[in-house]
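Encoded as structure tokens, the structure appears first; notes follow it.
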Amino acid sequence: MTVVGILLAAGAGRRYGMPKVLAEQGQWLSNAVAALDAGGCDDVVVALGAAVVDVPEPATAHFVEDWSEGIGATLRAVLSAVRGPDVDGVLVHLVDLPDVDHRVVARVLDVAQAGRDILARATFDGRPGHPVYLGAAHFDAMLERLSGDVGAASYLAERDDIDHVECAHFATGVDCDVPSPRLKRG
């Protein structure tokens with residue numbers, strides 16, 4: 001069974017003031033790649049766009065031509081690139097979740113167990129967050145819906161078969177949209 005970790009890091013980070021892939025001198029990128037790798041993903045692919053950087057091993061970079069159209073276009077490009085008969089699912093993560101570590105990734109993957117028909121999502125005190133596991137059986141329906149700034153949220157909102165995986169004991173899962181003082185790490 002193969003699970004590909006997809007790290008969405010292509011955006012310009014307008015509210016943040018710079019592409020978040022560059023935040024903390026690239027530490028957010030390094031942390032997220034390490035979380036996906038150590039958490040159990042077989043491969044890690046980083047979606048790049050507004051800023052093109054060297055990605056830490058063992059990740060590979062995927063430049064998204066239409067990254068400026070939004071998160072849906074970015075996820076569509078990377079999901080299209082990584083899907084194949086040997087991929088059982090993907091775990092989608094965001095670069096701007098600096099306190100989400102390998103324990104959260106491992107917990108979501110443990111629940112998903114690389115099921116091709118499974119949807120699983122990290123929650124933090126009941127609040128839906130990332131990472132999100134998408135089994136391969138959902139790829140076609142997901143790809144039909146992804147465009148511009150319409151990401152996976154609308155598809156997931158219509159589903160009642162999502163395994164919600166509580167992870168607040170590991171992290172806050174707070175999305176850092178604006179610069180702020182250092183986050184407390186769990």
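In the structure tokens, chains take letters A, B, ... by order of appearance, with residues numbered from 1 within each chain and ligands from 1 in the order shown.
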
Find the residues near range 162-171 of chain A: any atom within 10 Å, counting only C-alpha atoms, skip ones fewer than 2 places away on the same chain, and give them as a count of residues only. 42

Just the residues within 9 Å of Glu65 in chain A, please, counting only C-alpha atoms, with nothing from its chain fewer than 3 positions along; format it as a list in words.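 Final neighbour list, sorted by chain and number: Leu48, Gly49, Ser68, Thr74 and Ala77 of chain A.
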
Produce a file of the selected residues containing all heavy atoms, as a PDB file, in the first residue's frame.
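Saved file out.pdb follows:
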```pdb
ATOM      1  N   LEU A  48       4.822  23.688  -5.078  1.00  0.00           N
ATOM      2  CA  LEU A  48       5.452  25.010  -5.063  1.00  0.00           C
ATOM      3  C   LEU A  48       4.853  25.878  -6.157  1.00  0.00           C
ATOM      4  O   LEU A  48       4.383  25.371  -7.172  1.00  0.00           O
ATOM      5  CB  LEU A  48       6.960  24.886  -5.269  1.00  0.00           C
ATOM      6  CG  LEU A  48       7.739  24.113  -4.214  1.00  0.00           C
ATOM      7  CD1 LEU A  48       9.199  23.979  -4.631  1.00  0.00           C
ATOM      8  CD2 LEU A  48       7.622  24.776  -2.855  1.00  0.00           C
ATOM      9  N   GLY A  49       4.919  27.195  -5.937  1.00  0.00           N
ATOM     10  CA  GLY A  49       4.396  28.111  -6.943  1.00  0.00           C
ATOM     11  C   GLY A  49       4.949  29.513  -6.790  1.00  0.00           C
ATOM     12  O   GLY A  49       5.819  29.926  -7.529  1.00  0.00           O
ATOM     13  N   SER A  68      -1.517  30.514  -8.758  1.00  0.00           N
ATOM     14  CA  SER A  68      -2.164  31.777  -8.381  1.00  0.00           C
ATOM     15  C   SER A  68      -3.683  31.713  -8.472  1.00  0.00           C
ATOM     16  O   SER A  68      -4.370  32.582  -7.928  1.00  0.00           O
ATOM     17  CB  SER A  68      -1.629  32.934  -9.229  1.00  0.00           C
ATOM     18  OG  SER A  68      -1.937  32.732 -10.591  1.00  0.00           O
ATOM     19  N   THR A  74      -4.121  24.171  -7.150  1.00  0.00           N
ATOM     20  CA  THR A  74      -2.865  23.561  -6.684  1.00  0.00           C
ATOM     21  C   THR A  74      -3.070  22.093  -6.338  1.00  0.00           C
ATOM     22  O   THR A  74      -2.308  21.228  -6.787  1.00  0.00           O
ATOM     23  CB  THR A  74      -2.304  24.342  -5.485  1.00  0.00           C
ATOM     24  OG1 THR A  74      -2.017  25.682  -5.907  1.00  0.00           O
ATOM     25  CG2 THR A  74      -1.057  23.692  -4.928  1.00  0.00           C
ATOM     26  N   ALA A  77      -3.543  19.978  -9.474  1.00  0.00           N
ATOM     27  CA  ALA A  77      -2.307  19.720 -10.208  1.00  0.00           C
ATOM     28  C   ALA A  77      -1.483  18.617  -9.552  1.00  0.00           C
ATOM     29  O   ALA A  77      -0.988  17.711 -10.231  1.00  0.00           O
ATOM     30  CB  ALA A  77      -1.483  20.999 -10.319  1.00  0.00           C
TER      31      ALA A  77
END
```

Please determine, counting only C-alpha atoms, which residue among A:Ala106, A:Phe139, A:Ala114, A:Trp28 has the shortest atom-to-atom distance to Ala81 in chain A.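 Answer, going by the shortest atom-to-atom distance: A:Phe139.
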
Strand (DSSP E or B) positions in range 73-181 of chain A, given as JSON, numbers by chain: {"A": [89, 90, 91, 92, 93, 94, 119, 120, 121, 122, 123, 124, 127, 128, 129, 130, 131, 132, 133, 134, 135, 147, 150, 162, 163, 164, 165, 166]}

Nearest to Gln113 in chain A by atom-to-atom distance, counting only C-alpha atoms, from A:Gly40, A:Gly72, A:Gly26, A:Gly5: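 The answer is A:Gly40, which sits nearest to Gln113 in chain A.
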
Counting only C-alpha atoms, the residue of A:Val78, A:Cys41, A:Leu94, A:Ala136 that sits nearest Lys20 in chain A: A:Leu94

Interatomic distance (Å, one decimal) between CA of Ala61 in chain A and CA of Val4 in chain A: 12.8 Å

Which parts of chain A does DSSP call alpha helix (DSSP H) when run on the backbone here, written out as JSON, numbers by chain? {"A": [23, 24, 25, 26, 27, 28, 29, 30, 31, 32, 33, 34, 35, 36, 37, 38, 39, 71, 72, 73, 74, 75, 76, 77, 78, 79, 80, 81, 82, 102, 103, 104, 105, 106, 107, 108, 109, 110, 111, 112, 139, 140, 141, 142, 143, 144, 145, 153, 154, 155, 156, 157]}

With only C-alpha atoms as the atoms that count, which of A:Val33, A:Ala51, A:Leu8, A:Leu143 lies nearest to Arg83 in chain A?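 Closest candidate: A:Leu143.
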
Determine the nearest neighbour of Asp66 in chain A from the options A:Ala47, A:Ala137, A:Met142, A:Ala23, counting only C-alpha atoms. A:Ala47

Closest of A:Val87, A:Pro179, A:Val92, A:Ser30 to Asp54 in chain A - atom-to-atom distances counting only C-alpha atoms: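 So, comparing all the options, the nearest one is A:Ser30.
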
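Surrounding range 147-150 of chain A within 8 Å are Glu69, Gly70, Ile71, Gly72, Ala73, Arg76 and Ser154 of chain A, with only C-alpha atoms counted and residues fewer than 4 positions along the same chain left out.
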
I'd like the interatomic distance between CA of Trp67 in chain A and CA of Gly135 in chain A, to a tenth of an Å.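 If I compute the distance from CA of Trp67 in chain A to CA of Gly135 in chain A, I get 23.6 Å.
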